[in-house]
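Structure first, then comments.
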Amino acid sequence: MPDPKARAFLVVMDSVGIGGAPDADAYFNGDLPDVGANTLGHIAQACTAGRAEQGRSGPLNIPNLTRLGIFAAEALANDRAVDLEGSWGAATEVSKGKDTPSGHWELAGLPVPWDWHYFPDATPAFPDHVTQAVCDAAGVDGILGNCHGSGTDILVRFGAEHLETGFPICYTSADSVFQIAAHEDAFGLDRLLDLCAAVAPVLHDMKVGRVIARPFVGTQGAFERTGNRRDYAIMPPAPVLSNWVQNAGHHVYGIGKIGDIFTMQGFDEVRKGADATLMGHLSDLVADAVDGSLTFANFVEFDSLFGHRRDVSGYARHLEWFDAEIGKIIAQMRPSDIMALTADHGNDPTWAGTDHTRERVPVLVAGGALQNLGHIGFVDVAKLIATHLGVTPQIK
């Protein structure tokens with residue numbers, strides 16, 4: 001019988017891939033296939049070689065994740081010999097995508113049942129009916145951008161013109177996303193959020209995974225994105241882990257952008273903030289979450305601040321910070337708790353381009369009975385969590 005006091009914590013280290021995806025040849029950064037990409041492995045190599053010395057120094061120092069088996073999982077993912085025992089494994093994704101919804105949905109037990117829509121890397125990138133929907137919802141005569149681009153570059157290119165014209169900046173990436181940037185003061189944060197909510201159904205009908213509000217502040221040469229980003233994701237077409245748990249009568253907490261990814265399906269409450277704030281929320285919930293609950297967390301800054309920006313030193317610093325903090329939190333867990341640490345895709349900061357990389361991900365389990373996970377699927381993470389809580393998995 002499951003312990004009624006058992007709790008589960010599912011923690012996604014956004015983009016901390018470990019290489020070895022068997023279908024990496026079908027995914028690209030520009031013209032370069034993702035074959036050989038390895039986020040964790042290449043960061044560790046760069047640190048050892050002295051190529052990640054900004055704000056830190058020496059070999060990658062992550063003793064808690066190492067003890068849990070992250071490097072053993074990386075070796076397994078890349079078909080190297082492993083001799084470390086523990087509750088760890090390497091998970092392989094089947095969904096056709098290397099983005100946030102694909103990874104998170106499948107970790108929550110739902111492989112994506114369709115092909116996402118991606119916009120062409122051309123200018124204009126968007127069909128006329130999408131542009132018109134934005135103009136109608138915003139009450140403007142045009143949009144800026146209409147192209148692929150990184151968030152920081154987009155502000156440099158179009159921020160001043162946005163202030164002059166009041167036109168929203170619309171852009172995309174290699175992911176299935178439609179992003180709208182606007183100045184919080186000049187355009188208005190509420191107006192931006194209302195705009196994204198209004199056009200989201202148009203994009204979702206096209207199977208675009210997310211409409212993302214990208215508010216910013218400042219003046220030319222000093223524009224900065226704020227923490228008021230919001231994702232308007234397409235609704236999962238079937239129940240996911242959070243629904244299974246909630247429908248079984250358990251409380252479900254979200255930390256970070258988790259609620260947005262699942263359009264709040266199956267969540268009783270969500271706590272947001274920067275990663276340092278999120279770590280505080282996780283610590284609080286390990287101390288205070290109710291019996292039988294699930295806490296589902298995402299730490300996004302590995303991906304957003306360091307992976308996409310190809311900042312190897314920054315990524316290594318964040319791994320070392322995360323390791324030190326998560327070690328303290330694991331020490332607070334109750335005997336009947338488990339914490340599963342995993343990732344949703346890769347984002348190798350040593351790779352060409354600025355997009356995600358198709359990789360296997362680690363699955364590291366703290367607490368519970370020792371179990372040899374080995375090679376597993378993303379959906380097996382949902383099964384592991386549900387089983388611990390005494391909830392029946394509903395894999396489609």
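Residue numbers start at 1 in each chain; chains themselves are named A, B, ... in the order of the structure tokens; ligands are numbered from 1 in the order shown.
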
Quiz item: So which residues touch Gly227 in chain A within 10 Å, counting only C-alpha atoms, skipping near sequence neighbours fewer than 4 positions away, as a PyMOL selection string?
Solution: chain A and resi 214-216+272-274

For those residues, write C-alpha atoms to a file as a PDB file, in the first residue's frame.
```pdb
ATOM      1  CA  ARG A 214       7.760  39.380 -23.912  1.00  0.00           C
ATOM      2  CA  PRO A 215       7.452  42.684 -22.011  1.00  0.00           C
ATOM      3  CA  PHE A 216      10.448  44.992 -21.737  1.00  0.00           C
ATOM      4  CA  LYS A 272       6.628  32.100  -9.924  1.00  0.00           C
ATOM      5  CA  GLY A 273       9.825  34.145 -10.003  1.00  0.00           C
ATOM      6  CA  ALA A 274      13.450  34.026 -11.090  1.00  0.00           C
TER       7      ALA A 274
END
```

Check the DSSP output for the backbone and give back, as a PDB file with C-alpha atoms, in the first residue's frame, the residues of range 97-152 of chain A in strand (DSSP E).
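result.pdb written:
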```pdb
ATOM      1  CA  LEU A 144       7.365  45.078 -36.471  1.00  0.00           C
ATOM      2  CA  GLY A 145       9.742  42.160 -36.822  1.00  0.00           C
ATOM      3  CA  ASN A 146       7.763  39.444 -38.648  1.00  0.00           C
ATOM      4  CA  CYS A 147      10.906  37.336 -38.624  1.00  0.00           C
ATOM      5  CA  HIS A 148      13.062  34.871 -36.718  1.00  0.00           C
TER       6      HIS A 148
END
```

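Remark: for His183 in chain A, the closest of the candidate residues A:Gly109, A:Pro168, A:Gly20, A:Pro201 is A:Pro168 (distances computed over only C-alpha atoms).
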
Contacts of range 310-314 of chain A at 10 Å or less, counting only C-alpha atoms, minus same-chain residues fewer than 5 places along, as a PDB file with C-alpha atoms, in the first residue's frame?
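Below is the file around_32.pdb, written as the result:
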```pdb
ATOM      1  CA  THR A  39      24.831  19.890 -23.046  1.00  0.00           C
ATOM      2  CA  HIS A  42      30.416  19.536 -23.346  1.00  0.00           C
ATOM      3  CA  ILE A  43      30.068  21.958 -20.428  1.00  0.00           C
ATOM      4  CA  ALA A  44      32.075  19.583 -18.233  1.00  0.00           C
ATOM      5  CA  ALA A  46      34.973  23.016 -21.348  1.00  0.00           C
ATOM      6  CA  CYS A  47      35.345  23.494 -17.587  1.00  0.00           C
ATOM      7  CA  GLY A  50      39.786  25.958 -18.706  1.00  0.00           C
ATOM      8  CA  ARG A  51      37.328  27.356 -21.257  1.00  0.00           C
ATOM      9  CA  ALA A  52      34.635  28.307 -18.716  1.00  0.00           C
ATOM     10  CA  GLU A  53      36.435  30.681 -16.383  1.00  0.00           C
ATOM     11  CA  GLN A  54      34.078  33.686 -16.259  1.00  0.00           C
ATOM     12  CA  GLY A  55      32.789  33.964 -12.693  1.00  0.00           C
ATOM     13  CA  ARG A  56      33.977  30.461 -11.789  1.00  0.00           C
ATOM     14  CA  SER A  57      37.067  28.283 -12.321  1.00  0.00           C
ATOM     15  CA  LEU A  60      32.592  21.464 -13.104  1.00  0.00           C
ATOM     16  CA  GLU A 301      17.377  29.992 -16.543  1.00  0.00           C
ATOM     17  CA  PHE A 302      19.723  27.193 -17.648  1.00  0.00           C
ATOM     18  CA  ASP A 303      17.946  27.539 -20.976  1.00  0.00           C
ATOM     19  CA  LEU A 305      19.943  32.917 -19.850  1.00  0.00           C
ATOM     20  CA  LEU A 319      24.695  24.230 -12.589  1.00  0.00           C
ATOM     21  CA  GLU A 320      27.019  24.728  -9.620  1.00  0.00           C
ATOM     22  CA  ASN A 347      20.556  23.388 -25.274  1.00  0.00           C
ATOM     23  CA  ASP A 348      24.261  22.752 -25.744  1.00  0.00           C
ATOM     24  CA  PRO A 349      26.050  26.100 -25.228  1.00  0.00           C
ATOM     25  CA  THR A 350      29.037  24.847 -27.241  1.00  0.00           C
ATOM     26  CA  TRP A 351      26.877  24.085 -30.291  1.00  0.00           C
ATOM     27  CA  ALA A 352      26.346  26.137 -33.430  1.00  0.00           C
ATOM     28  CA  GLY A 353      23.288  28.367 -33.583  1.00  0.00           C
ATOM     29  CA  THR A 354      21.114  29.440 -30.676  1.00  0.00           C
ATOM     30  CA  ASP A 355      18.368  26.817 -30.637  1.00  0.00           C
TER      31      ASP A 355
END
```

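The spacing separating CA of Arg7 in chain A from CA of His250 in chain A amounts to 9.7 Å.
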
Quiz item: How would you write, as a ChimeraX atom specification, the set of residues in range 37-89 of chain A that DSSP gives as helix (DSSP H, G or I)?
Solution: /A:39-48,63-68,70-77

Quiz item: Which residues, written as an NGL selection string, have at least one atom at most 9 Å from His375 in chain A, with only C-alpha atoms counted and residues fewer than 6 positions away on the same chain left out?
Solution: :A and (73 or 76-77 or 89-92)

Exercise. May I have the residues within 7 Å of range 188-196 of chain A as a ChimeraX atom specification, using only C-alpha atoms and disregarding those fewer than 6 positions away in the same chain?
Key: /A:137-138,182,211,213,215

Limited to N, CA and C atoms, could you put the picked residues into a file as a tab-separated table (two decimals), in the first residue's frame?
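Once everything was written out, this is part03.tsv:
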```tsv
chain	number	residue	atom	x	y	z
A	137	ALA	N	-6.48	42.91	-32.92
A	137	ALA	CA	-6.56	42.79	-31.46
A	137	ALA	C	-5.87	43.95	-30.76
A	138	ALA	N	-4.79	44.48	-31.37
A	138	ALA	CA	-4.03	45.57	-30.75
A	138	ALA	C	-4.55	46.94	-31.15
A	182	ALA	N	6.66	44.01	-26.28
A	182	ALA	CA	6.13	45.37	-26.20
A	182	ALA	C	6.62	46.02	-24.90
A	211	VAL	N	2.02	31.10	-27.59
A	211	VAL	CA	2.15	32.53	-27.81
A	211	VAL	C	2.79	33.08	-26.53
A	213	ALA	N	4.20	36.34	-24.34
A	213	ALA	CA	4.30	37.78	-24.10
A	213	ALA	C	5.70	38.09	-23.59
A	215	PRO	N	7.40	41.27	-22.38
A	215	PRO	CA	7.45	42.68	-22.01
A	215	PRO	C	8.88	43.15	-21.74
```

Kindly assemble as JSON lines a list of the range 90-172 of chain A residues that lie within 7 Å of range 338-346 of chain A, each paired with its nearest atom pair and their distance in Å to one decimal, using only C-alpha atoms, sorted first by chain and then by ascending residue number.
```
{"residue": "A:Lys98", "atom": "CA", "partner": "A:His345", "partner_atom": "CA", "distance": 5.8}
{"residue": "A:Asp99", "atom": "CA", "partner": "A:His345", "partner_atom": "CA", "distance": 6.8}
{"residue": "A:Thr100", "atom": "CA", "partner": "A:Asp344", "partner_atom": "CA", "distance": 6.6}
{"residue": "A:Gly103", "atom": "CA", "partner": "A:Asp344", "partner_atom": "CA", "distance": 4.4}
{"residue": "A:His104", "atom": "CA", "partner": "A:Asp344", "partner_atom": "CA", "distance": 5.9}
```

Selection export as a PDB file, in the first residue's frame, atoms kept: C-alpha atoms:
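The result, written out as result13.pdb:
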```
ATOM      1  CA  LYS A  98      12.751  19.652 -29.019  1.00  0.00           C
ATOM      2  CA  ASP A  99      10.836  22.417 -27.294  1.00  0.00           C
ATOM      3  CA  THR A 100       9.231  23.146 -23.945  1.00  0.00           C
ATOM      4  CA  GLY A 103       9.311  17.712 -23.390  1.00  0.00           C
ATOM      5  CA  HIS A 104       7.067  18.672 -20.487  1.00  0.00           C
TER       6      HIS A 104
END
```

Exercise. Show which residues sit within 9 Å of Asp23 in chain A, as an MDAnalysis selection string. Count only C-alpha atoms, and ignore same-chain residues fewer than 5 positions away.
Key: chainID A and resid 34:35 358:359

Quiz prompt | Leu107 in chain A surroundings by only C-alpha atoms, 10 Å radius, close-in-sequence under 6 positions cut, as a list in words | solution = Leu10, Val12, Ala91, Glu93, Pro101, Val240, Leu241, Thr342, Ala343, Asp344, Gly377, Phe378, Val379, Asp380, Val381, Ala382 and Lys383 of chain A

Given the selection you just returned, output its residues as a file containing C-alpha atoms, formatted as a short mmCIF file (atom, residue, chain, number, x, y, z; two decimals), in the first residue's frame.
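Everything below was put into part-v6.cif:
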```cif
data_model
loop_
_atom_site.label_atom_id
_atom_site.label_comp_id
_atom_site.auth_asym_id
_atom_site.auth_seq_id
_atom_site.Cartn_x
_atom_site.Cartn_y
_atom_site.Cartn_z
CA LEU A 10 9.33 16.59 -10.03
CA VAL A 12 12.89 20.01 -14.48
CA ALA A 91 15.23 9.16 -20.82
CA GLU A 93 11.74 11.36 -26.09
CA PRO A 101 5.70 21.75 -24.47
CA VAL A 240 -1.53 14.63 -17.83
CA LEU A 241 0.25 13.80 -14.59
CA THR A 342 15.21 15.62 -15.06
CA ALA A 343 15.19 17.89 -18.14
CA ASP A 344 12.95 18.54 -21.12
CA GLY A 377 11.09 6.92 -21.92
CA PHE A 378 9.98 10.39 -20.90
CA VAL A 379 6.55 9.00 -20.02
CA ASP A 380 8.17 6.64 -17.51
CA VAL A 381 8.92 9.69 -15.36
CA ALA A 382 5.18 10.31 -15.02
CA LYS A 383 4.62 6.64 -14.19
#
```

Quiz item: Pick the closest to Leu163 in chain A from A:Trp114, A:Phe223, A:Phe119, A:Trp105: which is it, counting only C-alpha atoms?
Solution: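 The shortest atom-to-atom distance to Leu163 in chain A comes from A:Phe223.
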
Quiz item: Which is closer to Glu269 in chain A than all the others in A:Ala289, A:Ala238, A:Ala248, A:Ile376, using only C-alpha atoms?
Solution: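 Using only C-alpha atoms, the shortest distance to Glu269 in chain A belongs to A:Ala289.
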
Self-check item: Distance in Å - CA of Glu164 in chain A versus CA of Asp136 in chain A
Solution: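 Spanning CA of Glu164 in chain A to CA of Asp136 in chain A is a straight-line distance of 19.2 Å.
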
Quiz prompt | Counting only C-alpha atoms, the residue of A:Gly36, A:Glu74, A:Gln45, A:Asp128 that sits nearest Gly58 in chain A | solution =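 The answer is A:Gln45, which sits nearest to Gly58 in chain A.
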
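If only C-alpha atoms are the atoms counted, then among A:Thr131, A:Asn243, A:Thr295, A:Gln371 the closest residue to Ser87 in chain A is A:Gln371.
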